[in-house]
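Source file: my_file.cif (mmCIF, C-alpha atoms)
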data_final
#
loop_
_atom_site.group_PDB
_atom_site.id
_atom_site.type_symbol
_atom_site.label_atom_id
_atom_site.label_comp_id
_atom_site.auth_asym_id
_atom_site.auth_seq_id
_atom_site.Cartn_x
_atom_site.Cartn_y
_atom_site.Cartn_z
ATOM 1 C CA MET A 1 -52.750 11.729 12.148
ATOM 2 C CA ALA A 2 -52.598 8.825 14.548
ATOM 3 C CA VAL A 3 -52.995 10.615 17.897
ATOM 4 C CA PRO A 4 -56.449 11.842 18.991
ATOM 5 C CA SER A 5 -56.693 15.655 18.856
ATOM 6 C CA GLN A 6 -57.157 15.811 22.643
ATOM 7 C CA GLY A 7 -53.969 13.778 23.162
ATOM 8 C CA GLU A 8 -50.594 15.327 23.776
ATOM 9 C CA ILE A 9 -47.101 13.841 23.653
ATOM 10 C CA TYR A 10 -43.921 15.291 25.101
ATOM 11 C CA LEU A 11 -41.122 13.536 23.204
ATOM 12 C CA VAL A 12 -37.575 13.528 24.573
ATOM 13 C CA ARG A 13 -34.375 12.103 23.104
ATOM 14 C CA HIS A 14 -31.920 10.509 25.544
ATOM 15 C CA GLY A 15 -28.941 12.586 26.636
ATOM 16 C CA GLU A 16 -25.647 12.534 24.756
ATOM 17 C CA THR A 17 -23.756 9.247 25.014
ATOM 18 C CA GLU A 18 -20.120 8.240 24.692
ATOM 19 C CA TRP A 19 -20.880 6.663 21.311
ATOM 20 C CA ASN A 20 -22.698 9.799 20.089
ATOM 21 C CA VAL A 21 -19.431 11.667 20.689
ATOM 22 C CA ALA A 22 -17.345 8.923 19.035
ATOM 23 C CA GLY A 23 -19.599 8.750 15.946
ATOM 24 C CA ARG A 24 -20.674 5.161 16.637
ATOM 25 C CA PHE A 25 -24.213 4.191 15.676
ATOM 26 C CA GLN A 26 -25.835 2.578 18.676
ATOM 27 C CA GLY A 27 -29.010 1.013 17.324
ATOM 28 C CA LYS A 28 -29.942 -1.704 19.819
ATOM 29 C CA LEU A 29 -26.546 -1.509 21.557
ATOM 30 C CA ASP A 30 -25.729 0.939 24.324
ATOM 31 C CA SER A 31 -23.164 3.294 25.739
ATOM 32 C CA ARG A 32 -23.298 5.435 28.870
ATOM 33 C CA LEU A 33 -24.355 9.055 29.026
ATOM 34 C CA THR A 34 -21.514 11.562 28.988
ATOM 35 C CA LYS A 35 -21.312 14.350 31.600
ATOM 36 C CA ARG A 36 -23.003 16.552 29.026
ATOM 37 C CA GLY A 37 -25.675 13.869 28.517
ATOM 38 C CA VAL A 38 -26.357 13.765 32.264
ATOM 39 C CA ALA A 39 -26.651 17.575 32.279
ATOM 40 C CA GLN A 40 -29.097 17.367 29.351
ATOM 41 C CA ALA A 41 -31.209 14.789 31.190
ATOM 42 C CA LYS A 42 -31.231 17.035 34.266
ATOM 43 C CA ALA A 43 -32.356 19.981 32.116
ATOM 44 C CA TYR A 44 -35.215 17.835 30.760
ATOM 45 C CA GLY A 45 -36.154 16.867 34.314
ATOM 46 C CA ARG A 46 -36.188 20.452 35.588
ATOM 47 C CA ARG A 47 -38.361 21.582 32.664
ATOM 48 C CA LEU A 48 -40.745 18.612 32.807
ATOM 49 C CA ALA A 49 -41.153 18.792 36.607
ATOM 50 C CA ALA A 50 -43.498 21.750 36.095
ATOM 51 C CA ILE A 51 -45.982 19.539 34.240
ATOM 52 C CA ALA A 52 -45.281 16.190 35.935
ATOM 53 C CA ALA A 53 -48.656 16.190 37.693
ATOM 54 C CA GLU A 54 -50.453 16.590 34.346
ATOM 55 C CA ILE A 55 -48.727 13.615 32.691
ATOM 56 C CA ASP A 56 -50.975 10.553 32.468
ATOM 57 C CA THR A 57 -48.407 8.102 31.125
ATOM 58 C CA LEU A 58 -44.620 7.873 31.024
ATOM 59 C CA VAL A 59 -43.330 5.528 28.326
ATOM 60 C CA ALA A 60 -39.699 4.906 27.520
ATOM 61 C CA SER A 61 -37.534 2.760 25.305
ATOM 62 C CA PRO A 62 -36.123 -0.177 27.267
ATOM 63 C CA LEU A 63 -32.552 0.502 26.067
ATOM 64 C CA GLY A 64 -29.949 1.507 28.658
ATOM 65 C CA ARG A 65 -29.256 5.083 27.547
ATOM 66 C CA VAL A 66 -32.966 5.856 27.775
ATOM 67 C CA ARG A 67 -33.287 4.083 31.136
ATOM 68 C CA GLU A 68 -30.466 6.276 32.435
ATOM 69 C CA THR A 69 -32.055 9.458 31.022
ATOM 70 C CA THR A 70 -35.498 8.502 32.347
ATOM 71 C CA SER A 71 -34.163 7.849 35.845
ATOM 72 C CA ILE A 72 -32.573 11.301 35.928
ATOM 73 C CA ILE A 73 -35.748 12.992 34.635
ATOM 74 C CA LYS A 74 -37.868 11.234 37.255
ATOM 75 C CA SER A 75 -35.607 12.451 40.069
ATOM 76 C CA PHE A 76 -36.988 15.975 39.502
ATOM 77 C CA GLY A 77 -40.658 15.336 40.188
ATOM 78 C CA LYS A 78 -43.526 12.979 40.787
ATOM 79 C CA PHE A 79 -43.971 11.273 37.420
ATOM 80 C CA PRO A 80 -46.087 8.210 36.608
ATOM 81 C CA GLU A 81 -44.491 4.767 36.834
ATOM 82 C CA THR A 82 -42.398 4.086 33.714
ATOM 83 C CA GLN A 83 -43.815 1.745 31.091
ATOM 84 C CA TRP A 84 -40.954 0.254 29.050
ATOM 85 C CA GLU A 85 -42.112 0.375 25.438
ATOM 86 C CA PRO A 86 -40.147 -1.566 22.771
ATOM 87 C CA ARG A 87 -42.111 0.107 19.946
ATOM 88 C CA ILE A 88 -40.219 3.360 20.623
ATOM 89 C CA ALA A 89 -36.790 1.696 20.930
ATOM 90 C CA GLU A 90 -34.160 2.816 18.442
ATOM 91 C CA VAL A 91 -34.046 1.423 14.916
ATOM 92 C CA SER A 92 -31.566 -1.428 14.633
ATOM 93 C CA VAL A 93 -29.011 -1.255 11.867
ATOM 94 C CA GLY A 94 -28.262 -4.936 12.438
ATOM 95 C CA SER A 95 -24.590 -5.856 12.154
ATOM 96 C CA TRP A 96 -23.807 -2.129 11.802
ATOM 97 C CA ASP A 97 -24.904 -1.448 15.400
ATOM 98 C CA GLY A 98 -21.861 -0.079 17.256
ATOM 99 C CA LEU A 99 -19.909 0.815 14.112
ATOM 100 C CA THR A 100 -18.798 4.102 12.575
ATOM 101 C CA HIS A 101 -19.148 5.104 8.910
ATOM 102 C CA LEU A 102 -15.459 4.214 8.434
ATOM 103 C CA ASP A 103 -16.045 0.741 9.917
ATOM 104 C CA ILE A 104 -19.003 0.171 7.595
ATOM 105 C CA ASP A 105 -17.081 1.367 4.512
ATOM 106 C CA ALA A 106 -14.187 -0.947 5.376
ATOM 107 C CA ARG A 107 -16.345 -4.052 5.900
ATOM 108 C CA TRP A 108 -19.030 -3.385 3.247
ATOM 109 C CA PRO A 109 -17.264 -1.437 0.472
ATOM 110 C CA GLY A 110 -19.676 0.591 -1.658
ATOM 111 C CA ARG A 111 -22.725 -0.167 0.484
ATOM 112 C CA LEU A 112 -23.051 3.498 1.487
ATOM 113 C CA ASP A 113 -22.473 4.871 -2.021
ATOM 114 C CA GLU A 114 -25.228 7.211 -3.208
ATOM 115 C CA THR A 115 -26.890 7.391 0.198
ATOM 116 C CA THR A 116 -28.031 10.574 1.903
ATOM 117 C CA PRO A 117 -27.010 11.514 5.451
ATOM 118 C CA PHE A 118 -30.248 9.881 6.600
ATOM 119 C CA ASP A 119 -31.337 7.004 4.370
ATOM 120 C CA TRP A 120 -28.109 5.038 4.932
ATOM 121 C CA PHE A 121 -29.596 3.709 8.181
ATOM 122 C CA PHE A 122 -31.797 1.424 6.097
ATOM 123 C CA ARG A 123 -29.006 0.054 3.849
ATOM 124 C CA SER A 124 -27.721 -2.455 6.372
ATOM 125 C CA PRO A 125 -27.976 -6.025 5.047
ATOM 126 C CA ASP A 126 -29.686 -7.241 8.235
ATOM 127 C CA GLY A 127 -31.109 -4.084 9.824
ATOM 128 C CA GLU A 128 -34.660 -2.950 10.345
ATOM 129 C CA SER A 129 -36.422 -1.496 7.301
ATOM 130 C CA TYR A 130 -38.002 1.947 7.248
ATOM 131 C CA ASP A 131 -41.461 0.440 6.702
ATOM 132 C CA VAL A 132 -41.159 -1.953 9.659
ATOM 133 C CA ALA A 133 -39.879 0.791 11.963
ATOM 134 C CA MET A 134 -42.597 3.193 10.811
ATOM 135 C CA GLU A 135 -45.285 0.571 11.352
ATOM 136 C CA ARG A 136 -44.325 0.030 14.987
ATOM 137 C CA VAL A 137 -44.239 3.814 15.513
ATOM 138 C CA LYS A 138 -47.731 4.180 14.035
ATOM 139 C CA GLN A 139 -49.039 1.357 16.224
ATOM 140 C CA TRP A 140 -47.638 3.090 19.283
ATOM 141 C CA LEU A 141 -49.113 6.455 18.253
ATOM 142 C CA ASP A 142 -52.502 4.820 17.685
ATOM 143 C CA SER A 143 -52.431 3.412 21.224
ATOM 144 C CA SER A 144 -51.367 6.662 22.938
ATOM 145 C CA GLN A 145 -53.987 8.445 25.021
ATOM 146 C CA GLY A 146 -54.041 11.484 27.266
ATOM 147 C CA ILE A 147 -50.877 13.390 28.105
ATOM 148 C CA VAL A 148 -47.833 11.219 27.468
ATOM 149 C CA LEU A 149 -44.166 11.735 28.219
ATOM 150 C CA ALA A 150 -42.123 9.555 25.841
ATOM 151 C CA VAL A 151 -38.363 9.134 26.278
ATOM 152 C CA SER A 152 -36.800 7.699 23.155
ATOM 153 C CA HIS A 153 -34.017 8.091 20.580
ATOM 154 C CA GLY A 154 -32.872 10.187 17.634
ATOM 155 C CA LEU A 155 -33.846 8.192 14.562
ATOM 156 C CA ILE A 156 -37.042 6.712 15.994
ATOM 157 C CA GLY A 157 -37.908 10.212 17.270
ATOM 158 C CA ARG A 158 -37.737 11.435 13.677
ATOM 159 C CA LEU A 159 -40.133 8.678 12.666
ATOM 160 C CA ILE A 160 -42.529 9.467 15.526
ATOM 161 C CA ARG A 161 -42.705 13.128 14.519
ATOM 162 C CA GLY A 162 -42.844 12.227 10.827
ATOM 163 C CA ALA A 163 -45.754 9.832 11.369
ATOM 164 C CA TYR A 164 -47.577 12.350 13.551
ATOM 165 C CA LEU A 165 -47.248 15.025 10.840
ATOM 166 C CA ASN A 166 -47.830 12.531 7.990
ATOM 167 C CA LEU A 167 -44.524 13.492 6.356
ATOM 168 C CA SER A 168 -42.842 11.750 3.445
ATOM 169 C CA LYS A 169 -39.932 9.421 4.205
ATOM 170 C CA ASP A 170 -37.322 11.986 3.108
ATOM 171 C CA ASP A 171 -38.921 14.785 5.127
ATOM 172 C CA ALA A 172 -39.266 12.599 8.230
ATOM 173 C CA LEU A 173 -35.642 11.430 8.041
ATOM 174 C CA GLY A 174 -34.436 15.012 7.616
ATOM 175 C CA LEU A 175 -35.967 16.225 10.889
ATOM 176 C CA PRO A 176 -33.505 17.545 13.493
ATOM 177 C CA VAL A 177 -32.618 15.444 16.556
ATOM 178 C CA PRO A 178 -31.095 17.764 19.167
ATOM 179 C CA GLN A 179 -30.563 16.542 22.709
ATOM 180 C CA ASP A 180 -31.740 19.756 24.364
ATOM 181 C CA VAL A 181 -35.301 19.958 23.036
ATOM 182 C CA ILE A 182 -38.587 18.507 24.214
ATOM 183 C CA TRP A 183 -40.940 18.054 21.272
ATOM 184 C CA ARG A 184 -44.599 18.797 22.064
ATOM 185 C CA LEU A 185 -46.949 16.933 19.730
ATOM 186 C CA ALA A 186 -50.452 18.354 20.081
ATOM 187 C CA LYS A 187 -53.428 19.299 17.879
ATOM 188 C CA GLY A 188 -51.687 18.123 14.714
ATOM 189 C CA SER A 189 -48.524 20.187 15.148
ATOM 190 C CA VAL A 190 -45.073 19.668 16.627
ATOM 191 C CA GLU A 191 -43.358 22.457 18.543
ATOM 192 C CA PRO A 192 -39.916 22.504 20.157
ATOM 193 C CA ILE A 193 -39.479 23.409 23.812
ATOM 194 C CA HIS A 194 -35.827 24.320 24.323
ATOM 195 C CA VAL A 195 -34.329 23.332 27.667
ATOM 196 C CA SER A 196 -30.896 24.965 27.435
#

Could you take the file, read its structure, and then write that structure out as structure tokens?
Amino acid sequence: MAVPSQGEIYLVRHGETEWNVAGRFQGKLDSRLTKRGVAQAKAYGRRLAAIAAEIDTLVASPLGRVRETTSIIKSFGKFPETQWEPRIAEVSVGSWDGLTHLDIDARWPGRLDETTPFDWFFRSPDGESYDVAMERVKQWLDSSQGIVLAVSHGLIGRLIRGAYLNLSKDDALGLPVPQDVIWRLAKGSVEPIHVS
């Protein structure tokens, strides 16, 4: 486990975006939060406001959908100044960023054959590899201290929880990524805190 036993992380995925609804894979690209996504961010903010004073550090991916979510969360309480952290930015699928499965199949026939619902992210010809993404996650976990609120993404959130629990690649990639749960990482376990 990378995080000291006295450390604690509250991990949040950004609210639903227009591209989440459309089935487009964002990677390093961005789309705006939907009305539902704004409501999800507000629900995070209301729930986290109760512990805002206890949070030592607020870190967030520098990508737009997380900036938007973080701004909404912070409007509900007195949180620490945001530190924009590229190590918890979403995994890039390279030239597949912004595309749907149909787009990928049309442009790269057969490239997604024999993939699982999760490992396809790492089949892009110019995307980030699992090992590279996991390494940056582990470096971030190693540097985390105290009580941390981290606002991030779906796929990288799987890797953060997987690294924290020392899961295999398949088990880490199979973790759920709802947009109405705060994940509490503490004392070697991960528990969901439902906000809706």

Per residue of stretch 26-122 of chain A within 9 Å of stretch 157-170 of chain A, record the nearest atom pair and its distance in Å to one decimal, counting all atoms listed in the file, with rows in chain order and ascending residue number, as a tab-separated table.
residue	atom	partner	partner_atom	distance
A:Ile88	CA	A:Gly157	CA	8.0
A:Glu90	CA	A:Gly157	CA	8.4
A:Phe118	CA	A:Asp170	CA	8.2
A:Asp119	CA	A:Asp170	CA	7.9

Write out as a list in words the residues lying within 7 Å of A:Ser31, counting all atoms listed in the file and excluding same-chain residues fewer than 3 positions away.
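Everything that qualifies: Thr17, Glu18, Trp19 and Arg65 of chain A.
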
Hey, which bits of stretch 2-36 of chain A sit within 8 Å of stretch 173-192 of chain A, and for each residue what's the closest pair of atoms and how far apart in Å (one decimal), counting only C-alpha atoms, rows by chain and increasing number, as JSON lines?
{"residue": "A:Ser5", "atom": "CA", "partner": "A:Lys187", "partner_atom": "CA", "distance": 5.0}
{"residue": "A:Gln6", "atom": "CA", "partner": "A:Lys187", "partner_atom": "CA", "distance": 7.0}
{"residue": "A:Gly7", "atom": "CA", "partner": "A:Ala186", "partner_atom": "CA", "distance": 6.5}
{"residue": "A:Glu8", "atom": "CA", "partner": "A:Ala186", "partner_atom": "CA", "distance": 4.8}
{"residue": "A:Ile9", "atom": "CA", "partner": "A:Leu185", "partner_atom": "CA", "distance": 5.0}
{"residue": "A:Tyr10", "atom": "CA", "partner": "A:Arg184", "partner_atom": "CA", "distance": 4.7}
{"residue": "A:Leu11", "atom": "CA", "partner": "A:Trp183", "partner_atom": "CA", "distance": 4.9}
{"residue": "A:Val12", "atom": "CA", "partner": "A:Ile182", "partner_atom": "CA", "distance": 5.1}
{"residue": "A:Arg13", "atom": "CA", "partner": "A:Gln179", "partner_atom": "CA", "distance": 5.9}
{"residue": "A:His14", "atom": "CA", "partner": "A:Gln179", "partner_atom": "CA", "distance": 6.8}
{"residue": "A:Gly15", "atom": "CA", "partner": "A:Gln179", "partner_atom": "CA", "distance": 5.8}
{"residue": "A:Glu16", "atom": "CA", "partner": "A:Gln179", "partner_atom": "CA", "distance": 6.7}

Between atom CA of A:Leu63 and atom CA of A:Arg32, measure the distance and give it in Å to one decimal.
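These two atoms are separated by 10.9 Å.
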
Would you work out the distance separating atom CA of A:Trp120 from atom CA of A:His101, expressed in Å to one decimal?
9.8 Å

Could you put an axis-aligned box around every listed atom of stretch 97-110 of chain A, padded by 8 Å on each side, and send me its centre and edge lengths in Å to one decimal, as JSON?
{"center_x": -19.5, "center_y": 0.5, "center_z": 7.8, "size_x": 26.7, "size_y": 25.2, "size_z": 34.9}

Considering only C-alpha atoms, state which residue in the set A:Val21, A:Met134, A:Val93, A:Ile72 is at the smallest distance from A:Gln40.
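Distance minimum relative to A:Gln40 lands on A:Ile72.
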
Nearby residues (all atoms listed in the file) at most 12 Å from A:Thr69, same-chain spacing under 5 positions excluded, as a PyMOL selection string
chain A and resi 12-17+32-45+60-64+74-76+82+150-153+179

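Shortest separation to A:Leu149 among A:Thr57, A:Asp171, A:Thr115, A:Glu128 occurs at residue A:Thr57, atoms counted being all atoms listed in the file.
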
Enumerate, as a PDB file with C-alpha atoms, in the frame of the given file, the residues matched when the PyMOL selection byres ((chain A and resi 24) around 6) is run on the file above.
ATOM      1  CA  TRP A  19     -20.880   6.663  21.311  1.00  0.00           C
ATOM      2  CA  ALA A  22     -17.345   8.923  19.035  1.00  0.00           C
ATOM      3  CA  GLY A  23     -19.599   8.750  15.946  1.00  0.00           C
ATOM      4  CA  PHE A  25     -24.213   4.191  15.676  1.00  0.00           C
ATOM      5  CA  GLY A  98     -21.861  -0.079  17.256  1.00  0.00           C
ATOM      6  CA  LEU A  99     -19.909   0.815  14.112  1.00  0.00           C
ATOM      7  CA  THR A 100     -18.798   4.102  12.575  1.00  0.00           C
TER       8      THR A 100
END

What is the atom CA of A:Val66-atom CA of A:Arg87 distance in Å, reported with one decimal?
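A separation of 13.3 Å between them.
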